[in-house]
$ cat final.cif   # mmCIF, C-alpha atoms
data_target
#
loop_
_atom_site.label_atom_id
_atom_site.label_comp_id
_atom_site.auth_asym_id
_atom_site.auth_seq_id
_atom_site.Cartn_x
_atom_site.Cartn_y
_atom_site.Cartn_z
CA MET A 855 57.32 59.88 145.71
CA ALA A 856 56.02 61.73 142.70
CA LYS A 857 56.57 65.03 144.46
CA ARG A 858 60.23 64.30 145.15
CA LYS A 859 60.83 63.44 141.49
CA LEU A 860 59.32 66.75 140.38
CA SER A 861 61.43 68.77 142.75
CA GLN A 862 64.65 67.16 141.48
CA PRO A 863 65.55 69.83 138.85
CA ASP A 864 65.69 72.43 141.66
CA ASP A 865 68.49 70.54 143.34
CA GLN A 866 70.85 70.94 140.38
CA ILE A 867 72.50 74.32 139.74
CA ASP A 868 71.38 75.82 136.45
CA LEU A 869 74.61 76.31 134.48
CA THR A 870 73.14 78.13 131.46
CA PRO A 871 73.64 81.76 132.70
CA MET A 872 77.19 81.00 133.74
CA ILE A 873 78.03 79.53 130.35
CA ASP A 874 76.41 82.56 128.67
CA MET A 875 78.54 84.92 130.71
CA ILE A 876 81.73 83.02 130.01
CA PHE A 877 81.02 83.03 126.27
CA LEU A 878 80.45 86.77 126.42
CA LEU A 879 83.77 87.25 128.22
CA ILE A 880 85.60 85.11 125.68
CA ILE A 881 84.12 87.11 122.79
CA PHE A 882 85.04 90.36 124.55
CA PHE A 883 88.66 89.33 125.01
CA ILE A 884 88.97 88.08 121.43
CA LEU A 885 87.67 91.39 120.05
CA ALA A 886 89.44 93.72 122.51
CA GLY A 887 92.74 91.93 121.99
CA LYS A 888 92.48 92.35 118.24
CA ILE A 889 91.55 96.04 118.23
CA THR A 890 94.50 97.14 120.34
CA SER A 891 97.07 95.12 118.45
CA ASP A 892 95.87 96.27 115.03
CA MET A 893 97.36 99.74 114.73
CA LYS A 894 99.30 100.34 117.91
CA ASN A 895 102.50 98.55 118.69
CA GLU A 896 102.89 97.51 122.32
CA HIS A 897 106.68 98.08 122.42
CA ILE A 898 106.26 101.86 122.39
CA THR A 899 106.16 103.98 125.55
CA VAL A 900 104.87 107.42 124.64
CA PRO A 901 106.22 110.50 126.49
CA PRO A 902 104.38 112.09 129.45
CA THR A 903 102.74 115.52 129.04
CA GLU A 904 100.09 117.63 130.71
CA THR A 905 97.78 119.28 128.16
CA ALA A 906 97.02 116.17 126.12
CA GLU A 907 93.41 115.38 125.33
CA LYS A 908 91.52 112.17 124.72
CA ILE A 909 91.82 110.98 121.14
CA GLU A 910 88.49 111.57 119.43
CA ILE A 911 88.11 110.99 115.73
CA PRO A 912 85.00 112.37 113.98
CA ASP A 913 82.83 109.66 112.40
CA ASP A 914 83.48 110.63 108.79
CA TRP A 915 87.24 111.04 109.28
CA GLY A 916 89.90 108.42 108.73
CA HIS A 917 92.52 107.56 111.33
CA HIS A 918 95.99 106.18 110.75
CA VAL A 919 98.89 105.60 113.11
CA ILE A 920 102.59 106.02 112.43
CA ASN A 921 104.48 104.06 115.10
CA VAL A 922 108.06 105.20 115.74
CA PHE A 923 110.21 102.94 117.90
CA GLY A 924 112.71 103.93 120.55
CA SER A 925 114.14 100.70 121.90
CA SER A 926 117.79 100.78 122.81
CA GLN A 927 120.49 98.62 121.23
CA ASN A 928 120.09 95.98 123.95
CA GLU A 929 116.40 95.63 123.29
CA ALA A 930 116.96 95.56 119.55
CA ALA A 931 119.21 92.57 120.08
CA LYS A 932 116.23 90.73 121.61
CA GLY A 933 114.33 91.05 118.35
CA LEU A 934 112.42 94.22 119.10
CA PRO A 935 112.25 96.85 116.35
CA PRO A 936 115.42 99.01 116.32
CA ARG A 937 115.44 102.61 117.51
CA ASN A 938 114.08 105.20 115.07
CA SER A 939 112.34 102.69 112.82
CA ILE A 940 108.86 103.53 111.53
CA GLN A 941 105.82 101.33 111.15
CA PHE A 942 102.62 102.46 109.45
CA ASP A 943 99.36 101.30 111.07
CA GLY A 944 101.22 98.62 113.02
CA ASN A 945 101.31 96.60 109.83
CA GLY A 946 103.68 93.78 110.76
CA ALA A 947 104.74 93.23 107.17
CA TRP A 948 106.87 96.35 106.88
CA ARG A 949 108.91 98.76 108.94
CA SER A 950 111.79 101.04 108.10
CA GLU A 951 115.35 100.39 109.29
CA GLY A 952 116.20 103.61 111.14
CA SER A 953 116.69 107.33 110.79
CA ASP A 954 118.85 107.14 107.64
CA ASP A 955 116.60 104.73 105.75
CA MET A 956 115.62 107.00 102.84
CA THR A 957 113.84 104.17 101.00
CA GLY A 958 111.78 103.69 104.15
CA TYR A 959 110.69 107.32 104.14
CA GLN A 960 109.76 107.03 100.48
CA LYS A 961 107.75 103.89 101.19
CA LEU A 962 105.91 105.65 104.02
CA ARG A 963 105.04 108.46 101.63
CA ASN A 964 103.72 105.96 99.07
CA MET A 965 101.46 104.46 101.73
CA LEU A 966 100.25 107.96 102.64
CA ASP A 967 99.54 108.61 98.93
CA ASP A 968 97.26 105.58 98.88
CA VAL A 969 95.47 106.82 102.00
CA TYR A 970 95.13 110.28 100.42
CA ASN A 971 93.57 108.90 97.25
CA GLU A 972 91.06 106.77 99.15
CA SER A 973 89.84 109.44 101.57
CA ASP A 974 87.30 112.30 101.41
CA HIS A 975 88.69 115.80 101.01
CA TYR A 976 87.99 119.38 102.04
CA LEU A 977 89.43 122.68 100.86
CA ASP A 978 92.23 124.21 102.94
CA PRO A 979 90.71 127.31 104.62
CA LYS A 980 94.10 129.03 104.87
CA THR A 981 95.08 129.20 101.21
CA GLY A 982 91.86 128.04 99.53
CA MET A 983 93.97 125.96 97.16
CA PHE A 984 94.94 122.67 98.71
CA LYS A 985 92.63 119.68 98.85
CA LEU A 986 93.18 118.23 102.31
CA PRO A 987 92.21 114.68 103.24
CA LYS A 988 89.73 114.07 106.04
CA VAL A 989 92.29 111.94 107.81
CA ILE A 990 93.98 112.30 111.18
CA ILE A 991 97.51 110.97 111.31
CA GLU A 992 98.55 109.94 114.78
CA ILE A 993 102.31 110.06 115.30
CA ARG A 994 102.86 107.56 118.07
CA ALA A 995 106.53 107.91 118.90
CA ASP A 996 108.45 106.41 121.78
CA ALA A 997 109.79 108.89 124.36
CA ASP A 998 113.36 107.92 123.40
CA THR A 999 113.03 108.19 119.63
CA GLU A 1000 115.49 110.64 118.11
CA TYR A 1001 113.73 113.96 117.53
CA ARG A 1002 115.06 113.99 114.01
CA VAL A 1003 112.76 111.16 112.91
CA ILE A 1004 109.71 113.12 114.08
CA GLN A 1005 110.90 116.08 112.00
CA GLU A 1006 111.25 113.86 108.95
CA VAL A 1007 107.84 112.28 109.47
CA GLN A 1008 106.21 115.70 109.77
CA GLN A 1009 107.86 116.80 106.54
CA ILE A 1010 106.78 113.63 104.80
CA CYS A 1011 103.17 114.14 105.95
CA ALA A 1012 103.16 117.78 104.81
CA TYR A 1013 104.66 116.68 101.50
CA THR A 1014 106.32 119.98 100.94
CA ASN A 1015 109.65 118.31 100.27
CA ASP A 1016 110.97 115.60 98.07
CA PRO A 1017 112.00 112.82 100.49
CA TYR A 1018 115.01 111.94 98.32
CA ASP A 1019 116.39 115.44 98.24
CA MET A 1020 115.22 117.19 101.33
CA MET A 1021 117.02 120.46 100.80
CA LYS A 1022 114.78 121.30 97.89
CA PRO A 1023 111.10 122.12 98.08
CA ARG A 1024 109.08 119.69 96.02
CA LYS A 1025 108.56 120.97 92.51
CA PRO A 1026 104.91 121.69 91.79
CA LYS A 1027 103.59 119.92 88.69
CA ASN A 1028 101.92 123.10 87.55
CA PRO A 1029 103.86 126.23 88.61
CA LYS A 1030 100.72 128.39 88.39
CA ASN A 1031 98.88 126.12 90.77
CA PRO A 1032 101.14 124.60 93.47
CA ALA A 1033 98.18 122.67 94.84
CA GLU A 1034 98.02 120.50 91.72
CA GLY A 1035 99.44 117.09 92.48
CA ALA A 1036 100.19 117.98 96.10
CA MET A 1037 98.93 115.52 98.69
CA PRO A 1038 99.47 117.16 102.07
CA PHE A 1039 98.34 115.74 105.40
CA VAL A 1040 98.08 118.53 107.95
CA ASN A 1041 95.95 117.09 110.74
CA LEU A 1042 98.54 115.47 112.96
CA MET A 1043 98.36 114.21 116.51
CA PHE A 1044 101.20 113.32 118.83
CA THR A 1045 100.36 110.48 121.18
CA THR A 1046 101.32 111.08 124.80
CA ARG A 1047 100.28 109.89 128.21
CA SER A 1048 99.55 111.65 131.43
CA ALA A 1049 102.01 111.16 134.29
CA ARG A 1050 99.19 111.91 136.71
CA ASP A 1051 97.07 108.96 135.53
CA GLU A 1052 99.75 106.49 136.54
CA LYS A 1053 99.56 107.25 140.23
CA MET X 292 58.98 51.48 138.64
CA GLY X 293 61.81 53.29 140.38
CA LYS X 294 64.74 51.87 138.40
CA PRO X 295 63.78 52.84 134.80
CA GLN X 296 63.03 56.38 136.01
CA ILE X 297 66.60 56.80 137.34
CA ASP X 298 68.09 55.47 134.06
CA LEU X 299 66.03 57.92 132.01
CA ASP X 300 67.19 60.86 134.13
CA GLU X 301 70.84 60.03 133.67
CA GLN X 302 70.53 59.69 129.90
CA ASP X 303 68.60 62.95 129.43
CA ASP X 304 71.19 65.23 131.01
CA ILE X 305 74.18 66.10 128.83
CA ASP X 306 77.33 66.12 130.89
CA LEU X 307 78.46 69.77 130.80
CA THR X 308 81.69 69.35 132.74
CA PRO X 309 84.10 68.86 129.76
CA MET X 310 82.55 71.79 127.92
CA ILE X 311 82.91 74.07 130.92
CA ASP X 312 86.51 72.90 131.36
CA ILE X 313 87.36 73.80 127.80
CA ILE X 314 85.56 77.15 127.99
CA PHE X 315 87.46 78.03 131.14
CA LEU X 316 90.71 77.11 129.45
CA LEU X 317 89.83 79.36 126.50
CA LEU X 318 88.86 82.17 128.86
CA ILE X 319 92.15 81.91 130.77
CA PHE X 320 94.08 81.77 127.49
CA PHE X 321 92.47 84.97 126.19
CA ILE X 322 92.82 86.80 129.51
CA LEU X 323 96.52 86.03 129.60
CA THR X 324 97.30 86.77 125.96
CA THR X 325 95.33 90.01 125.68
CA LYS X 326 97.56 93.01 126.16
CA PHE X 327 95.95 96.35 126.63
CA VAL X 328 97.85 99.40 125.48
CA PRO X 329 97.74 101.86 128.40
CA ASP X 330 95.37 104.79 128.16
CA GLU X 331 96.87 107.22 125.71
CA LYS X 332 96.07 110.80 124.86
CA ALA X 333 97.23 113.09 122.09
CA ILE X 334 98.32 116.61 121.32
CA SER X 335 97.00 117.87 118.02
CA ASN X 336 99.09 119.87 115.62
CA LEU X 337 98.10 121.56 112.38
CA LEU X 338 100.89 121.72 109.83
CA PRO X 339 101.19 124.87 107.74
CA THR X 340 100.13 124.21 104.14
CA ASN X 341 101.59 127.32 102.58
CA LYS X 342 105.20 126.71 103.49
CA GLY X 343 107.85 125.16 101.32
CA THR X 344 105.75 125.20 98.17
CA ALA X 345 107.06 127.34 95.37
CA ASN X 346 105.04 130.17 93.86
CA THR X 347 102.97 130.88 96.94
CA PRO X 348 103.25 134.65 97.40
CA PRO X 349 104.75 135.54 100.78
CA PRO X 350 102.17 137.10 103.10
CA GLU X 351 102.37 140.87 103.30
CA VAL X 352 103.82 141.85 106.63
CA VAL X 353 104.78 145.43 107.36
CA GLU X 354 107.13 144.56 110.17
CA PRO X 355 107.71 140.86 110.50
CA PRO X 356 107.13 139.73 114.07
CA GLN X 357 110.21 138.27 115.69
CA ASP X 358 110.01 134.56 116.35
CA ILE X 359 110.26 133.46 119.94
CA ASN X 360 112.81 130.69 119.79
CA VAL X 361 112.57 127.88 122.32
CA ARG X 362 115.90 126.05 122.16
CA ILE X 363 116.80 122.61 123.45
CA PHE X 364 120.39 121.38 123.14
CA PRO X 365 122.60 118.88 124.98
CA LYS X 366 124.33 120.07 128.15
CA GLY X 367 128.01 120.71 127.56
CA ILE X 368 127.74 122.63 124.29
CA THR X 369 128.72 126.27 124.68
CA ARG X 370 128.65 129.37 122.52
CA THR X 371 132.41 129.46 122.29
CA MET X 372 132.62 126.10 120.51
CA GLY X 373 132.94 126.14 116.74
CA VAL X 374 131.16 123.87 114.26
CA GLN X 375 133.89 121.21 114.22
CA ASP X 376 134.35 121.27 117.99
CA SER X 377 130.61 120.90 118.51
CA ASP X 378 130.49 118.00 116.08
CA LYS X 379 133.42 116.23 117.74
CA TRP X 380 131.95 116.86 121.17
CA TRP X 381 128.62 115.33 120.19
CA HIS X 382 130.16 112.22 118.69
CA ALA X 383 132.32 111.69 121.77
CA ASN X 384 129.59 112.43 124.32
CA LYS X 385 126.40 111.09 122.67
CA GLY X 386 125.46 108.85 125.58
CA VAL X 387 125.80 111.51 128.27
CA GLY X 388 124.58 114.25 125.95
CA ARG X 389 121.19 112.60 125.50
CA LYS X 390 120.62 112.36 129.25
CA THR X 391 120.72 116.03 130.21
CA ALA X 392 119.45 118.79 127.97
CA VAL X 393 119.45 122.55 128.34
CA LEU X 394 116.24 124.48 127.73
CA GLN X 395 116.68 128.15 126.92
CA ILE X 396 114.54 131.01 125.66
CA GLY X 397 116.39 134.18 124.77
CA ASN X 398 119.95 134.62 126.00
CA GLY X 399 119.30 134.79 129.72
CA ASP X 400 119.08 132.03 132.26
CA SER X 401 118.34 128.46 131.22
CA ILE X 402 117.26 125.27 132.95
CA GLU X 403 118.40 121.68 132.70
CA ILE X 404 116.07 118.84 131.79
CA ASN X 405 116.80 115.55 133.51
CA GLY X 406 116.13 112.96 130.80
CA PRO X 407 116.02 109.72 132.83
CA GLN X 408 113.65 111.32 135.35
CA LEU X 409 111.35 112.61 132.63
CA GLY X 410 111.12 109.34 130.75
CA ASP X 411 111.50 106.53 133.24
CA GLY X 412 111.17 108.18 136.66
CA SER X 413 108.35 107.58 139.12
CA PRO X 414 105.11 109.44 138.35
CA GLU X 415 106.10 112.02 141.00
CA GLN X 416 109.51 112.60 139.44
CA GLN X 417 107.95 112.91 135.99
CA GLU X 418 105.45 115.44 137.30
CA THR X 419 108.15 117.50 139.01
CA GLU X 420 110.22 117.53 135.84
CA ILE X 421 107.20 118.53 133.71
CA ALA X 422 106.24 121.22 136.23
CA THR X 423 109.79 122.69 136.13
CA ILE X 424 109.70 122.94 132.33
CA HIS X 425 106.18 124.40 132.36
CA GLY X 426 107.21 126.93 134.99
CA TYR X 427 110.32 128.08 133.12
CA ILE X 428 108.54 128.45 129.77
CA SER X 429 105.59 130.24 131.34
CA ALA X 430 107.91 132.69 133.17
CA LYS X 431 109.99 133.38 130.04
CA LEU X 432 106.97 133.89 127.80
CA THR X 433 105.41 136.21 130.38
CA GLU X 434 108.65 138.26 130.29
CA ARG X 435 108.33 138.57 126.54
CA GLU X 436 104.69 139.53 126.96
CA ILE X 437 105.59 142.83 128.60
CA ALA X 438 107.74 143.75 125.63
CA GLY X 439 104.61 143.70 123.49
CA ALA X 440 105.23 140.49 121.61
CA ARG X 441 101.67 139.37 122.17
CA LYS X 442 100.16 142.11 120.02
CA GLU X 443 102.19 141.04 117.03
CA GLN X 444 101.35 137.39 117.64
CA SER X 445 105.00 136.36 117.45
CA PRO X 446 105.20 132.77 116.32
CA ILE X 447 106.78 130.42 118.81
CA VAL X 448 109.31 128.13 117.15
CA LEU X 449 110.74 125.10 118.84
CA HIS X 450 114.36 124.30 117.98
CA CYS X 451 115.40 120.97 119.42
CA PHE X 452 118.69 119.34 118.48
CA SER X 453 117.80 116.43 116.21
CA GLY X 454 119.88 113.88 118.13
CA LEU X 455 117.99 114.37 121.40
CA PRO X 456 115.07 112.19 122.47
CA TRP X 457 111.57 113.17 121.38
CA LYS X 458 110.35 113.56 124.98
CA TYR X 459 112.21 116.88 125.44
CA ALA X 460 110.61 118.47 122.38
CA ILE X 461 107.09 117.29 123.13
CA VAL X 462 107.16 118.43 126.77
CA ALA X 463 108.37 121.90 125.71
CA TYR X 464 105.66 121.99 123.05
CA ASP X 465 103.19 120.92 125.70
CA ALA X 466 104.34 123.73 128.00
CA VAL X 467 103.95 126.36 125.28
CA ARG X 468 100.47 125.09 124.50
CA SER X 469 99.55 125.12 128.15
CA TYR X 470 100.78 128.74 128.45
CA GLU X 471 98.83 129.71 125.36
CA ALA X 472 95.66 128.09 126.72
CA ALA X 473 95.99 130.00 130.00
CA HIS X 474 97.15 133.41 128.75
CA GLY X 475 96.40 133.58 125.03
CA GLN X 476 93.22 134.73 123.36
CA SER X 477 90.49 132.20 123.87
CA ILE X 478 90.08 130.56 120.52
CA ASP X 479 87.17 128.41 119.51
CA GLN X 480 88.90 125.22 118.37
CA SER X 481 85.92 124.18 116.24
CA ASP X 482 85.77 127.44 114.26
CA PRO X 483 88.24 127.25 111.33
CA ASP X 484 88.27 131.04 110.83
CA ALA X 485 89.17 131.65 114.45
CA LEU X 486 91.89 129.00 114.30
CA LEU X 487 93.66 130.96 111.55
CA GLU X 488 94.06 133.83 113.99
CA ALA X 489 95.68 131.62 116.58
CA ARG X 490 99.32 132.15 117.39
CA GLU X 491 101.56 129.89 115.38
CA ILE X 492 103.37 127.31 117.46
CA MET X 493 105.61 125.13 115.37
CA PHE X 494 108.51 122.72 115.35
CA ALA X 495 111.41 124.15 113.35
CA PRO X 496 111.89 122.35 110.03
CA PRO X 497 114.81 119.88 109.98
CA ARG X 498 118.28 121.32 109.58
CA VAL X 499 119.99 117.99 108.94
CA ARG X 500 119.49 117.47 105.24
CA ASP X 501 122.54 117.19 103.07
CA TYR X 502 124.71 114.80 105.09
CA HIS X 503 127.89 116.80 104.92
CA THR X 504 130.78 116.10 107.27
CA TRP X 505 129.98 118.46 110.12
CA GLU X 506 126.23 118.58 109.76
CA LEU X 507 125.41 117.77 113.38
CA GLY X 508 128.02 120.24 114.62
CA ASN X 509 126.58 122.84 112.30
CA GLU X 510 123.10 122.21 113.68
CA LEU X 511 124.30 122.48 117.29
CA TRP X 512 126.21 125.66 116.47
CA GLU X 513 123.10 127.24 114.92
CA ILE X 514 120.76 126.26 117.75
CA VAL X 515 123.10 127.48 120.50
CA ARG X 516 123.55 130.81 118.73
CA LEU X 517 119.89 131.58 118.03
CA LYS X 518 118.50 134.58 119.82
#
$ encode --input "final.cif" --output "structure tokens"
Amino acid sequence: MAKRKLSQPDDQIDLTPMIDMIFLLIIFFILAGKITSDMKNEHITVPPTETAEKIEIPDDWGHHVINVFGSSQNEAAKGLPPRNSIQFDGNGAWRSEGSDDMTGYQKLRNMLDDVYNESDHYLDPKTGMFKLPKVIIEIRADADTEYRVIQEVQQICAYTNDPYDMMKPRKPKNPKNPAEGAMPFVNLMFTTRSARDEK
Amino acid sequence: MGKPQIDLDEQDDIDLTPMIDIIFLLLIFFILTTKFVPDEKAISNLLPTNKGTANTPPPEVVEPPQDINVRIFPKGITRTMGVQDSDKWWHANKGVGRKTAVLQIGNGDSIEINGPQLGDGSPEQQETEIATIHGYISAKLTEREIAGARKEQSPIVLHCFSGLPWKYAIVAYDAVRSYEAAHGQSIDQSDPDALLEAREIMFAPPRVRDYHTWELGNELWEIVRLK
């Protein structure tokens, strides 16, 4: 009789490892779900290309994403962001209203200014004048975005123009040193996907 | 002796069933709500820092190398159309115009890009479309190669009509890069000095700026007429 009592725990299945595993899975999904939704908007389908490389950001470099939407009028009616609107870092609080939204472009530039001021810098090897931020800007545009918006965004990143009056080059604060006061971002990436991977 | 033993056993064990139920519910909730963005890659691009700023002395060039212009414009626009005609045509045919684009280098033959196939087609259709564009650009650039453009490192400039979808411009850019990787000088991407020697591949700066009446027509007119 005593022997049977002792052997009783063996009859029951030990649930501890299973519960451990399930907890691990839950934590994984909580974290993975958050990371992907932070900067990248899921309503964007990037265009297919061939020579694209995996996105690798050096450890000491910053990384920011400019989402540009391409949904059609029908989709916009369902509450999705309208075509040609811009969102910085997938921040749900703000996005621009379309390709003619000049205030939106200005706002984007102000956000980039903040990023510029907070990042580390290196000297531009080409001119030896400009202080460039150690930041990679990923332009994550939908395949159906109007090309014009990408042109504007590139100009805004380079900061060679005044977003309010785009015909004119931006006036340097100090004519002898055009680098003074300039905050250019030159390290850009265009997000694409590979058509081959989908097979 | 037997009865108290059984009671003790039952009280010692915590009943795990409700906890496991709830954990499973949580697990299913997170599995269903998590959305993974599909595997994405990127094409890097270095913007020129010495353009558009005043007081930067222009680089000394004895004979400026001729740009190689890669042009993308909607199908239906022709060289005989004036600025106003082009503008009217675009506003009347926007929907169709976006769907098929013409890709042309130089003034010779051109190819058509099938927009719906490139963006939303099956993977096979997308690949065929990409391969066609790559093939055309590679053939045209090879033609230019014989003329000695390579020695002067002619910059390649991409002129895409601003009203067309982004996918046309990026695939053409991709094709030029792919040609450069296969036929250009091998350049160490990690060496900043070597990168300065690399051939300049750039998107043309925006032409639409001052919002005058025929600005889109003007842009189309310019792009179609470029050599």
$ residues_around --input "final.cif" --residues "X:Val467" --least-positions-apart "6" --cutoff "10 Å" --atoms "only C-alpha atoms" --output "list in words"
Thr905 of chain A; Val361, Ile424, His425, Ile428, Ser429, Leu432, Ile447, Val448, Leu449, Ile461, Ala473 and Ile492 of chain X
$ closest_residue --input "final.cif" --among "X:Arg490, X:Lys458, X:Lys366, X:His474" --to "chain A" --atoms "all atoms listed in the file"
X:Lys458
$ atom_distance --input "final.cif" --atom1 "atom CA of X:Gly410" --atom2 "atom CA of A:Ala997"
6.5 Å
$ closest_residue --input "final.cif" --among "A:Ile1004, A:Val989, A:Val1040, A:Ile1010" --to "A:Asp913" --atoms "all atoms listed in the file"
A:Val989
$ resolve_selection --input "final.cif" --expression "the PyMOL selection byres ((chain A) within 6 of (chain X))" --output "PyMOL selection string"
chain A and resi 880+883+887+901+903+906-909+997-1002+1005+1014+1020-1021+1023+1040-1047+1049
$ residues_around --input "final.cif" --residues "A:Lys988" --least-positions-apart "3" --cutoff "9 Å" --atoms "all atoms listed in the file" --output "PyMOL selection string"
chain A and resi 914-917+970+973-976+1039+1041
